[in-house]
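Have a look at upload_25.pdb below; it lists PDB, C-alpha atoms.
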ATOM      1  CA  LEU V 220     -16.225  -4.217   1.245
ATOM      2  CA  GLU V 221     -19.818  -4.529   2.366
ATOM      3  CA  GLN V 222     -20.836  -1.789   4.752
ATOM      4  CA  GLU V 223     -22.700  -2.696   7.921
ATOM      5  CA  THR V 224     -25.551  -0.571   9.233
ATOM      6  CA  PRO V 225     -24.111   1.698  11.941
ATOM      7  CA  ASN V 226     -25.141   0.892  15.491
ATOM      8  CA  ILE V 227     -26.517   4.236  16.637
ATOM      9  CA  ALA V 228     -26.197   3.256  20.297
ATOM     10  CA  SER V 229     -22.443   2.920  19.847
ATOM     11  CA  MET V 230     -21.882   6.186  17.977
ATOM     12  CA  ALA V 231     -20.520   7.720  21.189
ATOM     13  CA  SER V 232     -17.602   5.318  20.816
ATOM     14  CA  LEU V 233     -16.396   6.940  17.608
ATOM     15  CA  PRO V 234     -12.680   7.732  17.776
ATOM     16  CA  THR V 235     -11.675  11.187  18.920
ATOM     17  CA  LEU V 236      -8.478  13.188  18.856
ATOM     18  CA  SER V 237      -8.353  13.130  22.640
ATOM     19  CA  ALA V 238      -6.693   9.692  22.595
ATOM     20  CA  PRO V 239      -3.950   8.205  20.370
ATOM     21  CA  GLY V 240      -5.076   6.165  17.388
ATOM     22  CA  LEU V 241      -4.063   4.553  14.133
ATOM     23  CA  LEU V 242      -5.258   5.564  10.688
ATOM     24  CA  VAL V 243      -4.423   3.194   7.833
ATOM     25  CA  MET V 244      -5.483   3.918   4.276
ATOM     26  CA  ASP V 245      -5.059   2.826   0.692
ATOM     27  CA  VAL V 246      -2.966   4.927  -1.704
ATOM     28  CA  ASP V 247      -4.520   4.844  -5.180
ATOM     29  CA  SER V 248      -7.692   6.938  -5.421
ATOM     30  CA  THR V 249      -7.494   7.547  -1.666
ATOM     31  CA  LEU V 250      -4.256   9.179  -0.522
ATOM     32  CA  ILE V 251      -3.752  10.319  -4.123
ATOM     33  CA  ASP V 252      -6.278  11.083  -6.848
ATOM     34  CA  GLU V 253      -4.743   8.798  -9.448
ATOM     35  CA  GLU V 254      -4.125   5.055  -9.935
ATOM     36  CA  VAL V 255      -0.367   4.545 -10.319
ATOM     37  CA  ILE V 256      -0.742   1.400 -12.456
ATOM     38  CA  ASP V 257      -2.855   3.400 -14.917
ATOM     39  CA  GLU V 258      -0.249   6.153 -15.064
ATOM     40  CA  LEU V 259       2.471   3.576 -15.724
ATOM     41  CA  GLY V 260       0.318   2.032 -18.435
ATOM     42  CA  VAL V 261      -0.140   5.338 -20.192
ATOM     43  CA  ALA V 262       3.606   5.962 -20.052
ATOM     44  CA  ALA V 263       4.232   2.505 -21.516
ATOM     45  CA  GLY V 264       1.653   3.000 -24.251
ATOM     46  CA  VAL V 265      -0.486   0.142 -22.942
ATOM     47  CA  GLY V 266      -3.122   2.133 -21.102
ATOM     48  CA  GLU V 267      -6.030   0.516 -22.926
ATOM     49  CA  GLN V 268      -4.734  -3.005 -22.293
ATOM     50  CA  ILE V 269      -4.301  -2.300 -18.606
ATOM     51  CA  ALA V 270      -7.797  -0.826 -18.443
ATOM     52  CA  SER V 271      -9.114  -3.999 -20.082
ATOM     53  CA  VAL V 272      -7.458  -6.196 -17.441
ATOM     54  CA  THR V 273      -8.870  -3.959 -14.713
ATOM     55  CA  ALA V 274     -12.358  -4.293 -16.191
ATOM     56  CA  ARG V 275     -12.046  -8.089 -16.206
ATOM     57  CA  ALA V 276     -11.020  -8.005 -12.551
ATOM     58  CA  MET V 277     -13.970  -5.762 -11.690
ATOM     59  CA  ASN V 278     -16.249  -8.261 -13.425
ATOM     60  CA  GLY V 279     -14.872 -11.081 -11.290
ATOM     61  CA  GLU V 280     -13.010 -12.784 -14.133
ATOM     62  CA  LEU V 281      -9.632 -12.317 -12.401
ATOM     63  CA  ASP V 282      -8.665 -12.075  -8.754
ATOM     64  CA  PHE V 283      -6.403  -9.277  -7.551
ATOM     65  CA  ARG V 284      -3.179 -11.273  -7.852
ATOM     66  CA  GLU V 285      -3.975 -12.411 -11.383
ATOM     67  CA  ALA V 286      -4.973  -8.930 -12.454
ATOM     68  CA  LEU V 287      -1.878  -7.329 -10.963
ATOM     69  CA  ARG V 288       0.466  -9.852 -12.575
ATOM     70  CA  ALA V 289      -1.258  -9.382 -15.942
ATOM     71  CA  ARG V 290      -0.985  -5.599 -15.765
ATOM     72  CA  VAL V 291       2.608  -5.638 -14.547
ATOM     73  CA  ALA V 292       3.532  -7.998 -17.399
ATOM     74  CA  LEU V 293       2.409  -5.278 -19.813
ATOM     75  CA  LEU V 294       5.047  -2.963 -18.324
ATOM     76  CA  LYS V 295       7.939  -5.223 -19.346
ATOM     77  CA  GLY V 296      10.820  -3.247 -20.847
ATOM     78  CA  LEU V 297       9.755   0.076 -19.365
ATOM     79  CA  PRO V 298      12.770   2.026 -18.033
ATOM     80  CA  THR V 299      12.818   2.410 -14.263
ATOM     81  CA  THR V 300      13.198   6.164 -14.744
ATOM     82  CA  ILE V 301       9.466   6.167 -15.486
ATOM     83  CA  PHE V 302       8.810   6.164 -11.750
ATOM     84  CA  ASP V 303      10.196   9.692 -11.562
ATOM     85  CA  GLU V 304       7.730  10.824 -14.210
ATOM     86  CA  VAL V 305       4.759   9.123 -12.571
ATOM     87  CA  TYR V 306       5.679  10.410  -9.110
ATOM     88  CA  HIS V 307       5.650  13.991 -10.387
ATOM     89  CA  ARG V 308       2.348  13.399 -12.186
ATOM     90  CA  VAL V 309       0.207  12.273  -9.237
ATOM     91  CA  HIS V 310      -1.560  14.540  -6.744
ATOM     92  CA  PHE V 311      -2.488  14.117  -3.104
ATOM     93  CA  THR V 312      -6.224  13.946  -2.508
ATOM     94  CA  HIS V 313      -7.652  17.249  -1.295
ATOM     95  CA  GLY V 314      -7.425  17.385   2.493
ATOM     96  CA  ALA V 315      -5.250  14.281   2.874
ATOM     97  CA  LEU V 316      -2.070  16.037   4.018
ATOM     98  CA  GLU V 317      -4.001  18.291   6.390
ATOM     99  CA  LEU V 318      -5.672  15.240   7.907
ATOM    100  CA  ILE V 319      -2.325  13.506   8.430
ATOM    101  CA  ASP V 320      -0.792  16.598  10.039
ATOM    102  CA  THR V 321      -3.782  16.975  12.348
ATOM    103  CA  LEU V 322      -3.636  13.344  13.435
ATOM    104  CA  HIS V 323       0.109  13.543  14.083
ATOM    105  CA  ALA V 324      -0.459  16.638  16.209
ATOM    106  CA  HIS V 325      -2.763  14.540  18.382
ATOM    107  CA  ASP V 326      -0.360  11.585  18.759
ATOM    108  CA  TRP V 327      -1.953   9.395  16.116
ATOM    109  CA  LYS V 328       0.042   7.158  13.773
ATOM    110  CA  VAL V 329      -0.705   7.085  10.048
ATOM    111  CA  GLY V 330       0.179   4.403   7.522
ATOM    112  CA  VAL V 331      -0.741   3.001   4.139
ATOM    113  CA  VAL V 332      -0.992  -0.487   2.705
ATOM    114  CA  SER V 333      -1.102  -0.395  -1.067
ATOM    115  CA  GLY V 334      -1.570  -2.798  -3.930
ATOM    116  CA  GLY V 335       0.608  -0.306  -5.802
ATOM    117  CA  PHE V 336       4.361  -0.053  -5.857
ATOM    118  CA  HIS V 337       7.102   0.938  -3.430
ATOM    119  CA  GLU V 338       8.915   2.756  -6.216
ATOM    120  CA  VAL V 339       6.276   5.496  -6.016
ATOM    121  CA  VAL V 340       4.728   4.877  -2.583
ATOM    122  CA  ASP V 341       8.086   5.377  -0.797
ATOM    123  CA  ARG V 342       8.296   8.930  -2.096
ATOM    124  CA  LEU V 343       4.681   9.711  -1.335
ATOM    125  CA  ALA V 344       5.133   8.350   2.193
ATOM    126  CA  ALA V 345       8.101  10.643   2.736
ATOM    127  CA  ASP V 346       6.189  13.663   1.423
ATOM    128  CA  ALA V 347       3.188  12.898   3.614
ATOM    129  CA  HIS V 348       5.332  12.065   6.680
ATOM    130  CA  LEU V 349       3.704   8.657   7.065
ATOM    131  CA  ASP V 350       4.757   6.410   9.911
ATOM    132  CA  TYR V 351       4.373   3.092   8.093
ATOM    133  CA  TRP V 352       3.830   1.899   4.555
ATOM    134  CA  ILE V 353       3.630  -1.412   2.711
ATOM    135  CA  ALA V 354       3.344  -1.939  -1.054
ATOM    136  CA  ASN V 355       4.435  -4.219  -3.877
ATOM    137  CA  ARG V 356       7.834  -3.951  -5.513
ATOM    138  CA  LEU V 357       8.538  -4.420  -9.222
ATOM    139  CA  GLU V 358      11.465  -6.464 -10.466
ATOM    140  CA  ALA V 359      13.990  -4.691 -12.664
ATOM    141  CA  ALA V 360      17.146  -5.687 -14.499
ATOM    142  CA  ASP V 361      19.594  -3.458 -16.348
ATOM    143  CA  GLY V 362      17.460  -0.421 -15.638
ATOM    144  CA  ARG V 363      14.254  -1.863 -17.105
ATOM    145  CA  LEU V 364      11.189  -3.592 -15.659
ATOM    146  CA  THR V 365      11.044  -7.342 -16.181
ATOM    147  CA  GLY V 366       7.256  -7.522 -16.003
ATOM    148  CA  HIS V 367       7.268  -9.335 -12.658
ATOM    149  CA  VAL V 368       6.397  -8.483  -9.055
ATOM    150  CA  LEU V 369       8.984  -9.247  -6.389
ATOM    151  CA  GLY V 370       7.933 -11.318  -3.392
ATOM    152  CA  ASP V 371       4.432 -11.780  -2.009
ATOM    153  CA  ILE V 372       1.748  -9.597  -3.541
ATOM    154  CA  VAL V 373       0.004  -7.164  -1.199
ATOM    155  CA  THR V 374      -3.663  -8.082  -1.616
ATOM    156  CA  LYS V 375      -6.978  -6.691  -0.461
ATOM    157  CA  ALA V 376      -7.090  -9.455   2.160
ATOM    158  CA  LYS V 377      -3.852  -8.128   3.614
ATOM    159  CA  GLN V 378      -5.238  -4.603   3.461
ATOM    160  CA  ILE V 379      -8.206  -5.615   5.619
ATOM    161  CA  HIS V 380      -5.727  -6.851   8.243
ATOM    162  CA  ARG V 381      -3.290  -3.998   7.771
ATOM    163  CA  GLY V 382      -3.362  -3.058  11.448
ATOM    164  CA  ALA V 383      -1.969  -6.479  12.310
ATOM    165  CA  VAL V 384       0.665  -6.083   9.602
ATOM    166  CA  PHE V 385       1.968  -2.903  11.169
ATOM    167  CA  GLY V 386       1.972  -4.638  14.539
ATOM    168  CA  LYS V 387       4.752  -6.886  13.237
ATOM    169  CA  THR V 388       7.089  -4.038  12.362
ATOM    170  CA  GLY V 389       8.809  -4.151  15.726
ATOM    171  CA  LYS V 390       7.437  -0.734  16.715
ATOM    172  CA  ASN V 391       4.868  -2.431  18.948
ATOM    173  CA  PHE V 392       2.760   0.690  19.280
ATOM    174  CA  LEU V 393      -0.586  -0.988  18.589
ATOM    175  CA  ALA V 394      -1.043  -2.202  22.173
ATOM    176  CA  ASP V 395      -1.108   1.392  23.375
ATOM    177  CA  LEU V 396      -3.511   2.678  20.742
ATOM    178  CA  VAL V 397      -7.166   3.156  21.469
ATOM    179  CA  TYR V 398      -8.598   2.907  17.981
ATOM    180  CA  SER V 399      -7.750   1.391  14.616
ATOM    181  CA  SER V 400      -9.077   3.069  11.482
ATOM    182  CA  GLU V 401      -9.348   2.037   7.843
ATOM    183  CA  ILE V 402      -9.825   4.061   4.684
ATOM    184  CA  PHE V 403     -10.532   2.189   1.482
ATOM    185  CA  SER V 404     -10.588   3.340  -2.145
ATOM    186  CA  GLY V 405     -13.640   5.402  -2.931
ATOM    187  CA  THR V 406     -12.919   7.769  -0.019
ATOM    188  CA  ALA V 407     -15.088   5.762   2.410
ATOM    189  CA  ALA V 408     -13.675   5.578   5.908
ATOM    190  CA  PHE V 409     -14.485   2.807   8.375
ATOM    191  CA  PHE V 410     -13.692   3.105  12.062
ATOM    192  CA  PHE V 411     -13.732  -0.287  13.762
ATOM    193  CA  MET V 412     -14.811  -0.692  17.354
ATOM    194  CA  ALA V 413     -15.156  -4.418  18.106
ATOM    195  CA  ILE V 414     -17.081  -5.678  15.038
ATOM    196  CA  ILE V 415     -18.976  -2.447  14.400
ATOM    197  CA  SER V 416     -17.993  -0.093  11.586
ATOM    198  CA  PHE V 417     -19.102   3.462  10.950
ATOM    199  CA  PRO V 418     -18.766   4.947   7.428
ATOM    200  CA  VAL V 419     -17.422   8.504   7.520
ATOM    201  CA  ASP V 420     -16.838  10.878   4.617
ATOM    202  CA  PHE V 421     -13.061  11.174   4.088
ATOM    203  CA  ASN V 422     -13.237  14.917   3.493
ATOM    204  CA  GLU V 423     -15.154  15.452   6.725
ATOM    205  CA  ILE V 424     -12.701  13.730   9.041
ATOM    206  CA  GLY V 425     -11.313  16.209  11.509
ATOM    207  CA  SER V 426     -13.328  19.089  10.117
ATOM    208  CA  SER V 427     -17.063  18.578  10.551
ATOM    209  CA  GLY V 428     -17.479  15.963  13.215
ATOM    210  CA  GLY V 429     -16.173  12.789  11.576
ATOM    211  CA  LEU V 430     -13.236  12.872  13.971
ATOM    212  CA  THR V 431     -13.261  15.385  16.814
ATOM    213  CA  ASP V 432     -11.083  16.503  19.677
ATOM    214  CA  GLY V 433     -13.489  14.928  22.160
ATOM    215  CA  ARG V 434     -14.451  18.199  23.815
TER     216      ARG V 434
END

How does this structure look as structure tokens?
Amino acid sequence: LEQETPNIASMASLPTLSAPGLLVMDVDSTLIDEEVIDELGVAAGVGEQIASVTARAMNGELDFREALRARVALLKGLPTTIFDEVYHRVHFTHGALELIDTLHAHDWKVGVVSGGFHEVVDRLAADAHLDYWIANRLEAADGRLTGHVLGDIVTKAKQIHRGAVFGKTGKNFLADLVYSSEIFSGTAAFFFMAIISFPVDFNEIGSSGGLTDGR
């Protein structure tokens, strides 16, 4: 995502904890330190192949859907019990849980939209007390992965519009929220007011002025 130059005149409009808001972030390398697909690949003994597909995607040879399908295909035959192992292997990013607790204490909602998998994201969402989460789901048969993704793939395009996605959940809280926030992989946070975005260090939110109580 290309970052725009912050409009200094609008910095006073940065979100504060004095009004309700919405924070939506990615999961891999953002909410958690690891990439779940990489952890699954290591467990399946195909870590290098998955890394190769990822490199091709980074070089623009594959789009996200193609890359995800190719990597998931490499997991074919893996027992579904592997999700337990991977779940216990990943770690929340330093400060992430404290940030979520702080936002909840100030009537914010917190969600994630992930290109990863519900089989792990569901548990992380419960641990982090998230309000909403969306991810991909892997097909399984007879206790083993088939190498396919179920349903529509959650893409980066959907992630950019994740606020609208949550608005369709029936909760209908977005109309009452003052701000919508986005965190993308790489721990860069973007707070959107109209068409203006302000990059904020993830680890500084709520601690050193990135997100304040408005006083």

How many Å lie between CA of Arg342 in chain V and CA of Leu293 in chain V, rounded to one decimal?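 So the answer is 23.5 Å.
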
I need the output of the PyMOL selection byres ((chain V and resi 352-359) around 8) for this file as a compact mmCIF listing (two decimals) with C-alpha atoms, in the frame of the given file; which residues are they?
# COMPACT_ATOMS: atom_id res chain seq x y z
CA THR V 299 12.82 2.41 -14.26
CA GLY V 330 0.18 4.40 7.52
CA VAL V 331 -0.74 3.00 4.14
CA VAL V 332 -0.99 -0.49 2.70
CA SER V 333 -1.10 -0.40 -1.07
CA GLY V 334 -1.57 -2.80 -3.93
CA GLY V 335 0.61 -0.31 -5.80
CA PHE V 336 4.36 -0.05 -5.86
CA HIS V 337 7.10 0.94 -3.43
CA GLU V 338 8.91 2.76 -6.22
CA VAL V 340 4.73 4.88 -2.58
CA ASP V 341 8.09 5.38 -0.80
CA ALA V 344 5.13 8.35 2.19
CA LEU V 349 3.70 8.66 7.06
CA ASP V 350 4.76 6.41 9.91
CA TYR V 351 4.37 3.09 8.09
CA ALA V 360 17.15 -5.69 -14.50
CA ASP V 361 19.59 -3.46 -16.35
CA GLY V 362 17.46 -0.42 -15.64
CA ARG V 363 14.25 -1.86 -17.10
CA LEU V 364 11.19 -3.59 -15.66
CA THR V 365 11.04 -7.34 -16.18
CA GLY V 366 7.26 -7.52 -16.00
CA HIS V 367 7.27 -9.34 -12.66
CA VAL V 368 6.40 -8.48 -9.06
CA LEU V 369 8.98 -9.25 -6.39
CA GLY V 370 7.93 -11.32 -3.39
CA ASP V 371 4.43 -11.78 -2.01
CA ILE V 372 1.75 -9.60 -3.54
CA VAL V 373 0.00 -7.16 -1.20

Using CA of Leu316 in chain V and CA of Ala238 in chain V as the two end points, give the distance in Å to one decimal.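 Going from CA of Leu316 in chain V over to CA of Ala238 in chain V covers 20.2 Å.
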
Got a sec: who's within 8 Å of Trp327 in chain V, counting only C-alpha atoms, leaving out chain neighbours fewer than 5 positions off, as a list in words?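 Neighbouring residues, sequence-local ones excluded: Pro239, Gly240, Leu241, Leu242 and Leu322 of chain V.
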
Can you work out the spacing between CA of Glu267 in chain V and CA of His313 in chain V in Å, to one decimal?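 Going from CA of Glu267 in chain V over to CA of His313 in chain V covers 27.4 Å.
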
Run through the PyMOL selection byres ((chain V and resi 283) around 10) on the given coordinates and return the selected residues as a list of chain:residue names.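 Evaluating the PyMOL selection byres ((chain V and resi 283) around 10) on these coordinates yields V:Thr273, V:Ala276, V:Met277, V:Gly279, V:Glu280, V:Leu281, V:Asp282, V:Arg284, V:Glu285, V:Ala286, V:Leu287, V:Arg288, V:Ala289, V:Gly334, V:Ile372, V:Val373, V:Thr374, V:Lys375, V:Ala376.
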
Can you spit out the residues from that selection as an mmCIF file, in the coordinates of the input, using C-alpha atoms?
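The resulting file, part-v1.cif, is shown below:
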data_model
loop_
_atom_site.group_PDB
_atom_site.id
_atom_site.type_symbol
_atom_site.label_atom_id
_atom_site.label_comp_id
_atom_site.auth_asym_id
_atom_site.auth_seq_id
_atom_site.Cartn_x
_atom_site.Cartn_y
_atom_site.Cartn_z
ATOM 1 C CA THR V 273 -8.870 -3.959 -14.713
ATOM 2 C CA ALA V 276 -11.020 -8.005 -12.551
ATOM 3 C CA MET V 277 -13.970 -5.762 -11.690
ATOM 4 C CA GLY V 279 -14.872 -11.081 -11.290
ATOM 5 C CA GLU V 280 -13.010 -12.784 -14.133
ATOM 6 C CA LEU V 281 -9.632 -12.317 -12.401
ATOM 7 C CA ASP V 282 -8.665 -12.075 -8.754
ATOM 8 C CA ARG V 284 -3.179 -11.273 -7.852
ATOM 9 C CA GLU V 285 -3.975 -12.411 -11.383
ATOM 10 C CA ALA V 286 -4.973 -8.930 -12.454
ATOM 11 C CA LEU V 287 -1.878 -7.329 -10.963
ATOM 12 C CA ARG V 288 0.466 -9.852 -12.575
ATOM 13 C CA ALA V 289 -1.258 -9.382 -15.942
ATOM 14 C CA GLY V 334 -1.570 -2.798 -3.930
ATOM 15 C CA ILE V 372 1.748 -9.597 -3.541
ATOM 16 C CA VAL V 373 0.004 -7.164 -1.199
ATOM 17 C CA THR V 374 -3.663 -8.082 -1.616
ATOM 18 C CA LYS V 375 -6.978 -6.691 -0.461
ATOM 19 C CA ALA V 376 -7.090 -9.455 2.160
#

If we count only C-alpha atoms and set the cut-off at 10 Å, which residues sit around His310 in chain V, ignoring sequence neighbours fewer than 3 positions away in its own chain? Please answer as a JSON list (two decimals) with C-alpha atoms, in the frame of the given file.
[["chain", "number", "residue", "atom", "x", "y", "z"],
["V", 248, "SER", "CA", -7.69, 6.94, -5.42],
["V", 250, "LEU", "CA", -4.26, 9.18, -0.52],
["V", 251, "ILE", "CA", -3.75, 10.32, -4.12],
["V", 252, "ASP", "CA", -6.28, 11.08, -6.85],
["V", 253, "GLU", "CA", -4.74, 8.80, -9.45],
["V", 306, "TYR", "CA", 5.68, 10.41, -9.11],
["V", 307, "HIS", "CA", 5.65, 13.99, -10.39],
["V", 313, "HIS", "CA", -7.65, 17.25, -1.30],
["V", 343, "LEU", "CA", 4.68, 9.71, -1.34]]

When you write range 284-304 of chain V out from the block above, keep N, CA, C and O atoms and present the result as a short mmCIF file (atom, residue, chain, number, x, y, z; two decimals), in the first residue's frame, please.
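Output contents, as saved in out-v7.cif:
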data_model
loop_
_atom_site.label_atom_id
_atom_site.label_comp_id
_atom_site.auth_asym_id
_atom_site.auth_seq_id
_atom_site.Cartn_x
_atom_site.Cartn_y
_atom_site.Cartn_z
N ARG V 284 -4.45 -14.60 -4.89
CA ARG V 284 -5.27 -15.81 -4.99
C ARG V 284 -4.45 -16.99 -5.53
O ARG V 284 -4.52 -18.10 -4.99
N GLU V 285 -3.71 -16.73 -6.59
CA GLU V 285 -2.89 -17.80 -7.19
C GLU V 285 -1.85 -18.30 -6.20
O GLU V 285 -1.64 -19.52 -6.07
N ALA V 286 -1.22 -17.38 -5.51
CA ALA V 286 -0.18 -17.77 -4.56
C ALA V 286 -0.77 -18.57 -3.39
O ALA V 286 -0.18 -19.57 -2.95
N LEU V 287 -1.93 -18.12 -2.90
CA LEU V 287 -2.54 -18.84 -1.78
C LEU V 287 -2.94 -20.25 -2.20
O LEU V 287 -2.67 -21.22 -1.48
N ARG V 288 -3.57 -20.37 -3.36
CA ARG V 288 -3.99 -21.70 -3.83
C ARG V 288 -2.78 -22.61 -4.01
O ARG V 288 -2.82 -23.80 -3.67
N ALA V 289 -1.69 -22.07 -4.55
CA ALA V 289 -0.49 -22.87 -4.78
C ALA V 289 0.12 -23.34 -3.46
O ALA V 289 0.56 -24.49 -3.33
N ARG V 290 0.13 -22.46 -2.46
CA ARG V 290 0.70 -22.84 -1.17
C ARG V 290 -0.20 -23.82 -0.42
O ARG V 290 0.29 -24.77 0.20
N VAL V 291 -1.51 -23.59 -0.50
CA VAL V 291 -2.44 -24.50 0.17
C VAL V 291 -2.38 -25.89 -0.47
O VAL V 291 -2.50 -26.91 0.23
N ALA V 292 -2.19 -25.94 -1.78
CA ALA V 292 -2.10 -27.24 -2.47
C ALA V 292 -0.94 -28.06 -1.92
O ALA V 292 -1.01 -29.31 -1.87
N LEU V 293 0.11 -27.39 -1.48
CA LEU V 293 1.27 -28.10 -0.92
C LEU V 293 0.98 -28.72 0.44
O LEU V 293 1.73 -29.57 0.92
N LEU V 294 -0.14 -28.30 1.05
CA LEU V 294 -0.50 -28.83 2.37
C LEU V 294 -1.40 -30.06 2.28
O LEU V 294 -1.80 -30.61 3.32
N LYS V 295 -1.70 -30.50 1.08
CA LYS V 295 -2.59 -31.64 0.88
C LYS V 295 -2.10 -32.86 1.67
O LYS V 295 -0.93 -33.21 1.63
N GLY V 296 -3.02 -33.49 2.40
CA GLY V 296 -2.71 -34.69 3.16
C GLY V 296 -2.29 -34.41 4.59
O GLY V 296 -2.18 -35.35 5.40
N LEU V 297 -2.08 -33.15 4.92
CA LEU V 297 -1.68 -32.80 6.29
C LEU V 297 -2.86 -33.04 7.24
O LEU V 297 -3.98 -32.65 6.95
N PRO V 298 -2.63 -33.69 8.38
CA PRO V 298 -3.74 -33.92 9.32
C PRO V 298 -4.23 -32.61 9.91
O PRO V 298 -3.44 -31.69 10.18
N THR V 299 -5.52 -32.50 10.12
CA THR V 299 -6.09 -31.26 10.66
C THR V 299 -5.62 -30.99 12.09
O THR V 299 -5.74 -29.86 12.57
N THR V 300 -5.08 -31.99 12.75
CA THR V 300 -4.55 -31.78 14.10
C THR V 300 -3.35 -30.83 14.09
O THR V 300 -2.94 -30.33 15.14
N ILE V 301 -2.80 -30.57 12.90
CA ILE V 301 -1.64 -29.68 12.81
C ILE V 301 -1.99 -28.27 13.25
O ILE V 301 -1.11 -27.51 13.69
N PHE V 302 -3.27 -27.91 13.16
CA PHE V 302 -3.66 -26.56 13.58
C PHE V 302 -3.43 -26.36 15.07
O PHE V 302 -3.11 -25.26 15.51
N ASP V 303 -3.59 -27.41 15.85
CA ASP V 303 -3.30 -27.31 17.28
C ASP V 303 -1.83 -26.98 17.51
O ASP V 303 -1.49 -26.12 18.32
N GLU V 304 -0.97 -27.66 16.77
CA GLU V 304 0.47 -27.44 16.91
C GLU V 304 0.85 -26.02 16.51
O GLU V 304 1.61 -25.34 17.21
#
